[in-house]
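Q: Contents of entry_11.pdb (PDB, C-alpha atoms and all ligand atoms):
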ATOM      1  CA  MET A   1     132.495 -76.462 -16.616  1.00  0.00           C
ATOM      2  CA  PRO A   2     129.975 -73.940 -15.151  1.00  0.00           C
ATOM      3  CA  LYS A   3     130.079 -70.452 -16.703  1.00  0.00           C
ATOM      4  CA  LYS A   4     131.803 -67.640 -14.715  1.00  0.00           C
ATOM      5  CA  ASP A   5     128.501 -65.736 -14.519  1.00  0.00           C
ATOM      6  CA  SER A   6     126.603 -68.607 -12.918  1.00  0.00           C
ATOM      7  CA  VAL A   7     129.458 -69.365 -10.489  1.00  0.00           C
ATOM      8  CA  LEU A   8     129.486 -65.689  -9.436  1.00  0.00           C
ATOM      9  CA  GLY A   9     125.665 -65.673  -9.296  1.00  0.00           C
ATOM     10  CA  ASP A  10     125.725 -68.627  -6.900  1.00  0.00           C
ATOM     11  CA  TYR A  11     128.458 -66.970  -4.870  1.00  0.00           C
ATOM     12  CA  TYR A  12     126.402 -63.792  -4.338  1.00  0.00           C
ATOM     13  CA  TYR A  13     123.226 -65.787  -3.746  1.00  0.00           C
ATOM     14  CA  ARG A  14     124.942 -67.770  -0.974  1.00  0.00           C
ATOM     15  CA  ALA A  15     126.592 -64.618   0.442  1.00  0.00           C
ATOM     16  CA  ALA A  16     123.203 -62.847   0.614  1.00  0.00           C
ATOM     17  CA  ARG A  17     121.638 -65.882   2.353  1.00  0.00           C
ATOM     18  CA  ARG A  18     124.541 -66.102   4.786  1.00  0.00           C
ATOM     19  CA  GLU A  19     124.233 -62.413   5.688  1.00  0.00           C
ATOM     20  CA  GLY A  20     120.489 -62.796   6.241  1.00  0.00           C
ATOM     21  CA  TYR A  21     119.319 -60.628   3.338  1.00  0.00           C
ATOM     22  CA  ARG A  22     115.944 -61.235   1.767  1.00  0.00           C
ATOM     23  CA  SER A  23     117.279 -60.760  -1.752  1.00  0.00           C
ATOM     24  CA  ARG A  24     120.508 -61.310  -3.626  1.00  0.00           C
ATOM     25  CA  SER A  25     120.263 -57.779  -4.972  1.00  0.00           C
ATOM     26  CA  ALA A  26     120.765 -56.421  -1.431  1.00  0.00           C
ATOM     27  CA  LEU A  27     124.495 -56.912  -2.077  1.00  0.00           C
ATOM     28  CA  LYS A  28     124.305 -54.702  -5.178  1.00  0.00           C
ATOM     29  CA  LEU A  29     122.833 -51.812  -3.198  1.00  0.00           C
ATOM     30  CA  LYS A  30     125.382 -52.354  -0.418  1.00  0.00           C
ATOM     31  CA  GLU A  31     128.229 -52.101  -2.922  1.00  0.00           C
ATOM     32  CA  ILE A  32     126.806 -48.938  -4.536  1.00  0.00           C
ATOM     33  CA  ALA A  33     126.102 -47.308  -1.166  1.00  0.00           C
ATOM     34  CA  GLN A  34     129.642 -48.039   0.058  1.00  0.00           C
ATOM     35  CA  LYS A  35     131.237 -46.736  -3.118  1.00  0.00           C
ATOM     36  CA  TYR A  36     129.236 -43.507  -3.481  1.00  0.00           C
ATOM     37  CA  HIS A  37     128.340 -42.723   0.182  1.00  0.00           C
ATOM     38  CA  ILE A  38     124.729 -42.115  -0.759  1.00  0.00           C
ATOM     39  CA  LEU A  39     123.084 -43.587   2.349  1.00  0.00           C
ATOM     40  CA  ARG A  40     124.249 -41.704   5.426  1.00  0.00           C
ATOM     41  CA  ARG A  41     123.434 -42.090   9.099  1.00  0.00           C
ATOM     42  CA  GLY A  42     120.199 -40.268   9.895  1.00  0.00           C
ATOM     43  CA  SER A  43     119.098 -39.981   6.232  1.00  0.00           C
ATOM     44  CA  SER A  44     115.511 -40.395   5.095  1.00  0.00           C
ATOM     45  CA  VAL A  45     115.047 -42.856   2.206  1.00  0.00           C
ATOM     46  CA  ALA A  46     112.112 -43.968   0.058  1.00  0.00           C
ATOM     47  CA  ASP A  47     112.599 -47.347  -1.623  1.00  0.00           C
ATOM     48  CA  LEU A  48     110.380 -47.792  -4.696  1.00  0.00           C
ATOM     49  CA  GLY A  49     109.700 -51.421  -5.592  1.00  0.00           C
ATOM     50  CA  ALA A  50     110.934 -52.701  -2.257  1.00  0.00           C
ATOM     51  CA  ALA A  51     109.525 -56.260  -1.956  1.00  0.00           C
ATOM     52  CA  PRO A  52     110.669 -58.636  -0.567  1.00  0.00           C
ATOM     53  CA  GLY A  53     112.830 -56.158   1.379  1.00  0.00           C
ATOM     54  CA  GLY A  54     116.530 -56.910   0.797  1.00  0.00           C
ATOM     55  CA  TRP A  55     117.300 -53.276  -0.065  1.00  0.00           C
ATOM     56  CA  LEU A  56     115.300 -52.119   2.970  1.00  0.00           C
ATOM     57  CA  GLN A  57     117.592 -54.170   5.214  1.00  0.00           C
ATOM     58  CA  VAL A  58     120.677 -52.522   3.682  1.00  0.00           C
ATOM     59  CA  GLU A  59     119.169 -49.021   3.916  1.00  0.00           C
ATOM     60  CA  ARG A  60     118.351 -49.537   7.612  1.00  0.00           C
ATOM     61  CA  GLU A  61     121.935 -50.657   8.247  1.00  0.00           C
ATOM     62  CA  PHE A  62     123.295 -47.469   6.708  1.00  0.00           C
ATOM     63  CA  VAL A  63     120.845 -44.886   8.087  1.00  0.00           C
ATOM     64  CA  GLY A  64     120.721 -46.434  11.583  1.00  0.00           C
ATOM     65  CA  SER A  65     118.075 -45.802  14.231  1.00  0.00           C
ATOM     66  CA  ASP A  66     117.976 -42.015  13.629  1.00  0.00           C
ATOM     67  CA  GLY A  67     117.101 -42.330   9.953  1.00  0.00           C
ATOM     68  CA  LEU A  68     113.849 -43.172   8.214  1.00  0.00           C
ATOM     69  CA  VAL A  69     113.240 -45.863   5.602  1.00  0.00           C
ATOM     70  CA  ILE A  70     109.950 -46.080   3.683  1.00  0.00           C
ATOM     71  CA  GLY A  71     109.417 -49.136   1.496  1.00  0.00           C
ATOM     72  CA  ILE A  72     106.784 -49.074  -1.242  1.00  0.00           C
ATOM     73  CA  ASP A  73     105.587 -51.965  -3.378  1.00  0.00           C
ATOM     74  CA  ILE A  74     102.466 -53.184  -5.148  1.00  0.00           C
ATOM     75  CA  SER A  75     103.046 -56.510  -3.400  1.00  0.00           C
ATOM     76  CA  PRO A  76     102.960 -56.884   0.373  1.00  0.00           C
ATOM     77  CA  ILE A  77     106.290 -56.699   2.222  1.00  0.00           C
ATOM     78  CA  ARG A  78     106.868 -58.742   5.372  1.00  0.00           C
ATOM     79  CA  PRO A  79     107.551 -56.169   8.136  1.00  0.00           C
ATOM     80  CA  LEU A  80     111.093 -55.562   9.354  1.00  0.00           C
ATOM     81  CA  PRO A  81     111.750 -55.452  13.107  1.00  0.00           C
ATOM     82  CA  PHE A  82     112.571 -51.721  13.188  1.00  0.00           C
ATOM     83  CA  GLU A  83     110.270 -48.867  14.160  1.00  0.00           C
ATOM     84  CA  ASN A  84     111.844 -46.538  11.619  1.00  0.00           C
ATOM     85  CA  VAL A  85     111.185 -48.837   8.638  1.00  0.00           C
ATOM     86  CA  LYS A  86     107.684 -48.020   7.363  1.00  0.00           C
ATOM     87  CA  LEU A  87     105.877 -49.914   4.617  1.00  0.00           C
ATOM     88  CA  ILE A  88     103.286 -48.866   2.051  1.00  0.00           C
ATOM     89  CA  GLN A  89     101.490 -51.291  -0.236  1.00  0.00           C
ATOM     90  CA  GLY A  90     100.580 -49.306  -3.341  1.00  0.00           C
ATOM     91  CA  ASP A  91     101.295 -48.466  -6.959  1.00  0.00           C
ATOM     92  CA  ILE A  92     104.018 -45.847  -7.318  1.00  0.00           C
ATOM     93  CA  ALA A  93     102.116 -44.425 -10.301  1.00  0.00           C
ATOM     94  CA  SER A  94      99.247 -43.369  -8.082  1.00  0.00           C
ATOM     95  CA  PRO A  95      99.227 -39.868  -6.533  1.00  0.00           C
ATOM     96  CA  GLU A  96      97.741 -41.344  -3.314  1.00  0.00           C
ATOM     97  CA  THR A  97     100.831 -43.521  -2.861  1.00  0.00           C
ATOM     98  CA  ARG A  98     103.114 -40.493  -3.264  1.00  0.00           C
ATOM     99  CA  GLU A  99     100.993 -38.524  -0.801  1.00  0.00           C
ATOM    100  CA  LYS A 100     101.267 -41.382   1.718  1.00  0.00           C
ATOM    101  CA  ILE A 101     105.056 -41.323   1.369  1.00  0.00           C
ATOM    102  CA  TYR A 102     105.107 -37.578   1.976  1.00  0.00           C
ATOM    103  CA  SER A 103     102.790 -37.785   4.959  1.00  0.00           C
ATOM    104  CA  ILE A 104     104.952 -40.477   6.617  1.00  0.00           C
ATOM    105  CA  ALA A 105     108.180 -38.527   5.996  1.00  0.00           C
ATOM    106  CA  GLY A 106     106.647 -35.157   6.913  1.00  0.00           C
ATOM    107  CA  ARG A 107     109.254 -33.471   4.703  1.00  0.00           C
ATOM    108  CA  LYS A 108     111.112 -34.045   1.465  1.00  0.00           C
ATOM    109  CA  LEU A 109     113.470 -37.029   1.399  1.00  0.00           C
ATOM    110  CA  ASP A 110     117.269 -37.158   1.309  1.00  0.00           C
ATOM    111  CA  VAL A 111     117.389 -40.201  -0.960  1.00  0.00           C
ATOM    112  CA  ILE A 112     115.053 -42.120  -3.284  1.00  0.00           C
ATOM    113  CA  VAL A 113     116.081 -45.529  -4.613  1.00  0.00           C
ATOM    114  CA  SER A 114     114.299 -47.510  -7.286  1.00  0.00           C
ATOM    115  CA  ASP A 115     114.690 -51.200  -8.042  1.00  0.00           C
ATOM    116  CA  LEU A 116     111.299 -51.149  -9.807  1.00  0.00           C
ATOM    117  CA  ALA A 117     110.845 -53.989 -12.278  1.00  0.00           C
ATOM    118  CA  PRO A 118     107.838 -55.185 -14.273  1.00  0.00           C
ATOM    119  CA  LYS A 119     106.740 -58.812 -14.583  1.00  0.00           C
ATOM    120  CA  PHE A 120     109.167 -60.004 -17.236  1.00  0.00           C
ATOM    121  CA  THR A 121     107.894 -61.463 -20.511  1.00  0.00           C
ATOM    122  CA  GLY A 122     111.292 -62.683 -21.731  1.00  0.00           C
ATOM    123  CA  VAL A 123     111.031 -60.404 -24.793  1.00  0.00           C
ATOM    124  CA  HIS A 124     113.860 -57.944 -24.212  1.00  0.00           C
ATOM    125  CA  ASP A 125     112.376 -54.921 -26.020  1.00  0.00           C
ATOM    126  CA  VAL A 126     109.064 -55.239 -24.190  1.00  0.00           C
ATOM    127  CA  ASP A 127     110.726 -55.758 -20.794  1.00  0.00           C
ATOM    128  CA  HIS A 128     113.147 -52.887 -21.424  1.00  0.00           C
ATOM    129  CA  SER A 129     110.399 -50.481 -22.425  1.00  0.00           C
ATOM    130  CA  ARG A 130     108.205 -51.371 -19.420  1.00  0.00           C
ATOM    131  CA  GLN A 131     111.134 -51.101 -17.042  1.00  0.00           C
ATOM    132  CA  ILE A 132     112.069 -47.670 -18.399  1.00  0.00           C
ATOM    133  CA  GLY A 133     108.417 -46.683 -17.885  1.00  0.00           C
ATOM    134  CA  LEU A 134     108.756 -47.587 -14.202  1.00  0.00           C
ATOM    135  CA  ALA A 135     112.108 -45.792 -13.893  1.00  0.00           C
ATOM    136  CA  LEU A 136     110.439 -42.677 -15.356  1.00  0.00           C
ATOM    137  CA  MET A 137     107.764 -42.988 -12.693  1.00  0.00           C
ATOM    138  CA  ALA A 138     110.518 -43.033 -10.086  1.00  0.00           C
ATOM    139  CA  LEU A 139     111.834 -39.748 -11.544  1.00  0.00           C
ATOM    140  CA  GLU A 140     108.312 -38.292 -11.442  1.00  0.00           C
ATOM    141  CA  SER A 141     108.113 -39.216  -7.752  1.00  0.00           C
ATOM    142  CA  ALA A 142     111.407 -37.444  -7.126  1.00  0.00           C
ATOM    143  CA  LYS A 143     109.970 -34.211  -8.503  1.00  0.00           C
ATOM    144  CA  MET A 144     107.445 -34.227  -5.676  1.00  0.00           C
ATOM    145  CA  LEU A 145     109.343 -36.021  -2.899  1.00  0.00           C
ATOM    146  CA  LEU A 146     113.087 -35.431  -3.179  1.00  0.00           C
ATOM    147  CA  LYS A 147     114.745 -32.477  -1.474  1.00  0.00           C
ATOM    148  CA  ARG A 148     117.022 -30.124  -3.400  1.00  0.00           C
ATOM    149  CA  ASN A 149     120.540 -31.653  -3.552  1.00  0.00           C
ATOM    150  CA  GLY A 150     119.056 -35.069  -2.733  1.00  0.00           C
ATOM    151  CA  SER A 151     120.240 -38.288  -4.397  1.00  0.00           C
ATOM    152  CA  MET A 152     118.761 -41.179  -6.317  1.00  0.00           C
ATOM    153  CA  ILE A 153     119.867 -44.691  -7.228  1.00  0.00           C
ATOM    154  CA  ILE A 154     117.811 -46.053 -10.127  1.00  0.00           C
ATOM    155  CA  LYS A 155     117.972 -49.512 -11.667  1.00  0.00           C
ATOM    156  CA  VAL A 156     117.607 -49.428 -15.460  1.00  0.00           C
ATOM    157  CA  LEU A 157     117.683 -52.144 -18.101  1.00  0.00           C
ATOM    158  CA  MET A 158     119.864 -51.147 -21.041  1.00  0.00           C
ATOM    159  CA  GLY A 159     118.176 -50.864 -24.444  1.00  0.00           C
ATOM    160  CA  SER A 160     117.041 -48.413 -27.078  1.00  0.00           C
ATOM    161  CA  GLU A 161     115.331 -46.023 -24.598  1.00  0.00           C
ATOM    162  CA  PHE A 162     118.276 -45.871 -22.195  1.00  0.00           C
ATOM    163  CA  LYS A 163     119.922 -42.763 -23.658  1.00  0.00           C
ATOM    164  CA  SER A 164     116.806 -40.615 -23.480  1.00  0.00           C
ATOM    165  CA  PHE A 165     116.213 -41.778 -19.897  1.00  0.00           C
ATOM    166  CA  GLN A 166     119.789 -40.926 -18.978  1.00  0.00           C
ATOM    167  CA  ASN A 167     119.367 -37.483 -20.586  1.00  0.00           C
ATOM    168  CA  GLU A 168     116.350 -36.870 -18.379  1.00  0.00           C
ATOM    169  CA  THR A 169     118.379 -37.713 -15.249  1.00  0.00           C
ATOM    170  CA  VAL A 170     121.129 -35.341 -16.421  1.00  0.00           C
ATOM    171  CA  ARG A 171     118.518 -32.602 -16.766  1.00  0.00           C
ATOM    172  CA  LEU A 172     117.369 -33.130 -13.172  1.00  0.00           C
ATOM    173  CA  PHE A 173     120.661 -33.850 -11.353  1.00  0.00           C
ATOM    174  CA  ARG A 174     124.082 -32.186 -11.257  1.00  0.00           C
ATOM    175  CA  ASN A 175     125.963 -35.489 -11.387  1.00  0.00           C
ATOM    176  CA  VAL A 176     124.917 -38.819 -12.932  1.00  0.00           C
ATOM    177  CA  ARG A 177     127.141 -41.905 -12.950  1.00  0.00           C
ATOM    178  CA  ILE A 178     126.480 -45.357 -14.362  1.00  0.00           C
ATOM    179  CA  CYS A 179     127.383 -48.224 -12.059  1.00  0.00           C
ATOM    180  CA  LYS A 180     127.473 -51.970 -12.707  1.00  0.00           C
ATOM    181  CA  PRO A 181     128.079 -53.614  -9.314  1.00  0.00           C
ATOM    182  CA  ALA A 182     130.167 -56.795  -9.152  1.00  0.00           C
ATOM    183  CA  ALA A 183     127.120 -58.587  -7.728  1.00  0.00           C
ATOM    184  CA  SER A 184     125.183 -57.879 -10.958  1.00  0.00           C
ATOM    185  CA  ARG A 185     125.540 -60.681 -13.516  1.00  0.00           C
ATOM    186  CA  ASP A 186     127.543 -59.795 -16.654  1.00  0.00           C
ATOM    187  CA  THR A 187     124.745 -61.306 -18.724  1.00  0.00           C
ATOM    188  CA  SER A 188     122.129 -59.021 -17.136  1.00  0.00           C
ATOM    189  CA  SER A 189     121.378 -55.794 -18.987  1.00  0.00           C
ATOM    190  CA  GLU A 190     120.780 -53.952 -15.714  1.00  0.00           C
ATOM    191  CA  VAL A 191     122.832 -50.956 -14.648  1.00  0.00           C
ATOM    192  CA  TYR A 192     122.307 -48.461 -11.832  1.00  0.00           C
ATOM    193  CA  LEU A 193     122.253 -44.720 -12.310  1.00  0.00           C
ATOM    194  CA  VAL A 194     123.697 -42.956  -9.296  1.00  0.00           C
ATOM    195  CA  CYS A 195     122.316 -39.410  -9.387  1.00  0.00           C
ATOM    196  CA  THR A 196     123.393 -36.718  -6.932  1.00  0.00           C
ATOM    197  CA  GLY A 197     122.666 -33.006  -6.563  1.00  0.00           C
ATOM    198  CA  PHE A 198     118.960 -32.905  -7.392  1.00  0.00           C
ATOM    199  CA  LYS A 199     118.317 -29.504  -8.909  1.00  0.00           C
ATOM    200  CA  GLY A 200     114.691 -29.398  -7.760  1.00  0.00           C
ATOM    201  CA  GLU A 201     111.880 -28.512 -10.031  1.00  0.00           C
ATOM    202  CA  PRO A 202     112.182 -24.940 -11.349  1.00  0.00           C
ATOM    203  CA  SER A 203     109.500 -22.724  -9.825  1.00  0.00           C
ATOM    204  CA  PRO A 204     106.691 -21.814 -12.205  1.00  0.00           C
ATOM    205  CA  PRO A 205     107.142 -18.410 -13.888  1.00  0.00           C
ATOM    206  CA  SER A 206     105.667 -15.458 -12.014  1.00  0.00           C
ATOM    207  CA  PRO A 207     102.563 -13.899 -13.660  1.00  0.00           C
ATOM    208  CA  SER A 208     104.677 -10.968 -14.953  1.00  0.00           C
ATOM    209  CA  GLU A 209     107.242 -13.348 -16.517  1.00  0.00           C
ATOM    210  CA  ALA A 210     104.470 -15.433 -18.039  1.00  0.00           C
ATOM    211  CA  ALA A 211     102.759 -12.344 -19.535  1.00  0.00           C
TER
HETATM  212  C1  LIG B   1     113.412 -56.498  -8.340  1.00  0.00           C
HETATM  213  S1  LIG B   1     112.034 -56.356  -7.281  1.00  0.00           S
HETATM  214  C2  LIG B   1     112.688 -55.408  -5.942  1.00  0.00           C
HETATM  215  C3  LIG B   1     113.637 -56.192  -5.047  1.00  0.00           C
HETATM  216  C4  LIG B   1     114.023 -55.401  -3.810  1.00  0.00           C
HETATM  217  N1  LIG B   1     114.881 -54.270  -4.147  1.00  0.00           N
HETATM  218  C5  LIG B   1     114.760 -56.256  -2.798  1.00  0.00           C
HETATM  219  O1  LIG B   1     115.985 -56.150  -2.700  1.00  0.00           O
HETATM  220  O2  LIG B   1     114.118 -57.015  -2.087  1.00  0.00           O
HETATM  221  C6  LIG B   1     111.038 -55.177  -8.131  1.00  0.00           C
HETATM  222  C7  LIG B   1     109.744 -54.822  -7.425  1.00  0.00           C
HETATM  223  O3  LIG B   1     109.101 -53.758  -8.133  1.00  0.00           O
HETATM  224  C8  LIG B   1     107.714 -53.857  -7.793  1.00  0.00           C
HETATM  225  N2  LIG B   1     106.872 -53.023  -8.663  1.00  0.00           N
HETATM  226  C9  LIG B   1     106.685 -53.134  -9.993  1.00  0.00           C
HETATM  227  N3  LIG B   1     105.849 -52.176 -10.447  1.00  0.00           N
HETATM  228  C10 LIG B   1     105.499 -51.415  -9.365  1.00  0.00           C
HETATM  229  C11 LIG B   1     104.664 -50.267  -9.189  1.00  0.00           C
HETATM  230  N4  LIG B   1     103.999 -49.699 -10.228  1.00  0.00           N
HETATM  231  N5  LIG B   1     104.528 -49.736  -7.953  1.00  0.00           N
HETATM  232  C12 LIG B   1     105.167 -50.315  -6.891  1.00  0.00           C
HETATM  233  N6  LIG B   1     105.971 -51.407  -7.005  1.00  0.00           N
HETATM  234  C13 LIG B   1     106.145 -51.959  -8.217  1.00  0.00           C
HETATM  235  C14 LIG B   1     107.454 -55.353  -7.940  1.00  0.00           C
HETATM  236  O4  LIG B   1     106.260 -55.732  -7.271  1.00  0.00           O
HETATM  237  C15 LIG B   1     108.728 -55.965  -7.356  1.00  0.00           C
HETATM  238  O5  LIG B   1     108.539 -56.354  -6.022  1.00  0.00           O
END
Can the structure from this file be put into structure tokens for me?
A:
Amino acid sequence: MPKKDSVLGDYYYRAARREGYRSRSALKLKEIAQKYHILRRGSSVADLGAAPGGWLQVEREFVGSDGLVIGIDISPIRPLPFENVKLIQGDIASPETREKIYSIAGRKLDVIVSDLAPKFTGVHDVDHSRQIGLALMALESAKMLLKRNGSMIIKVLMGSEFKSFQNETVRLFRNVRICKPAASRDTSSEVYLVCTGFKGEPSPPSPSEAA
């Protein structure tokens, strides 16, 4: 008899295909967005690690024609048929990529989402550590690009570095919740951190304070 996880996996795969999404994981973002009301009509969103574009489709559905969606990936993304979905091919670690995001948005963003994932080796500790490295880069981007009180959704693979990553999100946001959407396989170590109320980076001390 097929295992429950693979039956469910097939179910979500077929559902994503039926609904015209480019990725199965689009359904995970849809579930999170519905539950936590993170993506609102008119919001501006940067999607880090956006190829092939399943999350971009969901974001566009939620923000509508008045919002802005910017998808960033090292790999090319096939364009979506919406004027307000902009694409950048670039490495999120590079300052030029972050500057491009800012210059397209023209202001700080309401929401940043990250589904960033490395090329997997199959060795859990290595994959976990690299994925946390990418999630940390997403947090670094937020320091420059996310508006005060903005929100983030960040995919993370559980493992030994999870707790310290979570602590860093708690330092930066007023509220951090861990979410495991139904569309995520039980056997997968992925979870999503839903972070709201970005505190913003503290301003540097004034010269008199620093003295
Ligand atoms: C799981 S996929 C994203 C799937 C996407 N959310 C969707 O629904 O279609 C992870 C993506 O992260 C991208 N990625 C990995 N490292 C990156 C980096 N340093 N900068 C930009 N993108 C990166 C990969 O190229 C890959 O396309």
Q: For chain A versus ligand LIG 1 (chain B), which residues have an atom no more than 10 Å away, and what is each residue's nearest atom pair and distance in Å rounded to one decimal, using all atoms listed in the file, chain-then-number order, as CSV?
A:
residue,atom,partner,partner_atom,distance
A:Tyr21,CA,B:LIG1,O1,8.2
A:Arg22,CA,B:LIG1,O2,6.0
A:Ser23,CA,B:LIG1,O1,4.9
A:Arg24,CA,B:LIG1,O1,6.9
A:Ser25,CA,B:LIG1,O1,5.1
A:Ala26,CA,B:LIG1,O1,5.0
A:Leu27,CA,B:LIG1,O1,8.6
A:Lys28,CA,B:LIG1,O1,8.8
A:Leu29,CA,B:LIG1,O1,8.1
A:Asp47,CA,B:LIG1,N1,7.7
A:Leu48,CA,B:LIG1,N6,6.2
A:Gly49,CA,B:LIG1,O3,3.5
A:Ala50,CA,B:LIG1,C4,4.4
A:Ala51,CA,B:LIG1,O5,4.2
A:Pro52,CA,B:LIG1,O2,4.1
A:Gly53,CA,B:LIG1,O2,3.8
A:Gly54,CA,B:LIG1,O1,3.6
A:Trp55,CA,B:LIG1,O1,4.1
A:Leu56,CA,B:LIG1,O1,7.0
A:Gln57,CA,B:LIG1,O1,8.3
A:Val58,CA,B:LIG1,O1,8.7
A:Gly71,CA,B:LIG1,N1,9.4
A:Ile72,CA,B:LIG1,C12,6.0
A:Asp73,CA,B:LIG1,N6,3.7
A:Ile74,CA,B:LIG1,C12,4.3
A:Ser75,CA,B:LIG1,O4,5.1
A:Pro76,CA,B:LIG1,O4,8.4
A:Ile77,CA,B:LIG1,O5,8.6
A:Ile88,CA,B:LIG1,C12,9.3
A:Gln89,CA,B:LIG1,C12,7.7
A:Gly90,CA,B:LIG1,C12,5.9
A:Asp91,CA,B:LIG1,N5,3.6
A:Ile92,CA,B:LIG1,N5,4.0
A:Ala93,CA,B:LIG1,N4,5.6
A:Ser94,CA,B:LIG1,N4,8.2
A:Thr97,CA,B:LIG1,N5,8.8
A:Val113,CA,B:LIG1,N1,8.8
A:Ser114,CA,B:LIG1,N1,7.5
A:Asp115,CA,B:LIG1,N1,5.0
A:Leu116,CA,B:LIG1,O3,3.8
A:Ala117,CA,B:LIG1,C6,4.3
A:Pro118,CA,B:LIG1,C9,4.9
A:Lys119,CA,B:LIG1,C9,7.3
A:Arg130,CA,B:LIG1,N3,9.3
A:Gln131,CA,B:LIG1,N3,8.5
A:Gly133,CA,B:LIG1,N4,9.3
A:Leu134,CA,B:LIG1,N4,6.5
A:Ala135,CA,B:LIG1,N3,9.6
A:Met137,CA,B:LIG1,N4,8.1
A:Ala138,CA,B:LIG1,N5,9.2
A:Lys155,CA,B:LIG1,C1,9.0
Q: Got a sec: who's within 12 Å of A:Val69, counting all atoms listed in the file, leaving out chain neighbours fewer than 5 positions off, as a VMD selection string?
A: chain A and resid 39 to 48 50 53 55 to 64 80 82 to 88 101 104 to 105 109 to 113
Q: Restricting the output to C-alpha atoms, write the selected residues as a PDB file, keeping the file's coordinate frame.
A:
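Final output, again_38.pdb:
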ATOM      1  CA  LEU A  39     123.084 -43.587   2.349  1.00  0.00           C
ATOM      2  CA  ARG A  40     124.249 -41.704   5.426  1.00  0.00           C
ATOM      3  CA  ARG A  41     123.434 -42.090   9.099  1.00  0.00           C
ATOM      4  CA  GLY A  42     120.199 -40.268   9.895  1.00  0.00           C
ATOM      5  CA  SER A  43     119.098 -39.981   6.232  1.00  0.00           C
ATOM      6  CA  SER A  44     115.511 -40.395   5.095  1.00  0.00           C
ATOM      7  CA  VAL A  45     115.047 -42.856   2.206  1.00  0.00           C
ATOM      8  CA  ALA A  46     112.112 -43.968   0.058  1.00  0.00           C
ATOM      9  CA  ASP A  47     112.599 -47.347  -1.623  1.00  0.00           C
ATOM     10  CA  LEU A  48     110.380 -47.792  -4.696  1.00  0.00           C
ATOM     11  CA  ALA A  50     110.934 -52.701  -2.257  1.00  0.00           C
ATOM     12  CA  GLY A  53     112.830 -56.158   1.379  1.00  0.00           C
ATOM     13  CA  TRP A  55     117.300 -53.276  -0.065  1.00  0.00           C
ATOM     14  CA  LEU A  56     115.300 -52.119   2.970  1.00  0.00           C
ATOM     15  CA  GLN A  57     117.592 -54.170   5.214  1.00  0.00           C
ATOM     16  CA  VAL A  58     120.677 -52.522   3.682  1.00  0.00           C
ATOM     17  CA  GLU A  59     119.169 -49.021   3.916  1.00  0.00           C
ATOM     18  CA  ARG A  60     118.351 -49.537   7.612  1.00  0.00           C
ATOM     19  CA  GLU A  61     121.935 -50.657   8.247  1.00  0.00           C
ATOM     20  CA  PHE A  62     123.295 -47.469   6.708  1.00  0.00           C
ATOM     21  CA  VAL A  63     120.845 -44.886   8.087  1.00  0.00           C
ATOM     22  CA  GLY A  64     120.721 -46.434  11.583  1.00  0.00           C
ATOM     23  CA  LEU A  80     111.093 -55.562   9.354  1.00  0.00           C
ATOM     24  CA  PHE A  82     112.571 -51.721  13.188  1.00  0.00           C
ATOM     25  CA  GLU A  83     110.270 -48.867  14.160  1.00  0.00           C
ATOM     26  CA  ASN A  84     111.844 -46.538  11.619  1.00  0.00           C
ATOM     27  CA  VAL A  85     111.185 -48.837   8.638  1.00  0.00           C
ATOM     28  CA  LYS A  86     107.684 -48.020   7.363  1.00  0.00           C
ATOM     29  CA  LEU A  87     105.877 -49.914   4.617  1.00  0.00           C
ATOM     30  CA  ILE A  88     103.286 -48.866   2.051  1.00  0.00           C
ATOM     31  CA  ILE A 101     105.056 -41.323   1.369  1.00  0.00           C
ATOM     32  CA  ILE A 104     104.952 -40.477   6.617  1.00  0.00           C
ATOM     33  CA  ALA A 105     108.180 -38.527   5.996  1.00  0.00           C
ATOM     34  CA  LEU A 109     113.470 -37.029   1.399  1.00  0.00           C
ATOM     35  CA  ASP A 110     117.269 -37.158   1.309  1.00  0.00           C
ATOM     36  CA  VAL A 111     117.389 -40.201  -0.960  1.00  0.00           C
ATOM     37  CA  ILE A 112     115.053 -42.120  -3.284  1.00  0.00           C
ATOM     38  CA  VAL A 113     116.081 -45.529  -4.613  1.00  0.00           C
TER      39      VAL A 113
END
Q: Which is closest to A:Phe162 among A:Lys35, A:Arg185, A:Arg78, A:His128, if we use only C-alpha atoms?
A: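 Smallest distance to A:Phe162 is found for A:His128.
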Q: Provide the atom CA of A:Gln166 to atom CA of A:His37 distance in Å, to one decimal place.
A: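 Between atom CA of A:Gln166 and atom CA of A:His37 the gap is 21.1 Å.
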Q: What's the separation between atom CA of A:Ile153 and atom CA of A:Ile38, in Å to one decimal place?
A: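 Atom CA of A:Ile153 sits 8.5 Å away from atom CA of A:Ile38.
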Q: From the options A:Leu172, A:Gly67, A:Leu157, A:Lys163, which residue's atoms come nearest to A:Ser188, counting only C-alpha atoms?
A: A:Leu157
Q: In Å, with one decimal, what is the gap from atom CA of A:Ala182 to atom CA of A:Thr169?
A: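 The value is 23.2 Å.
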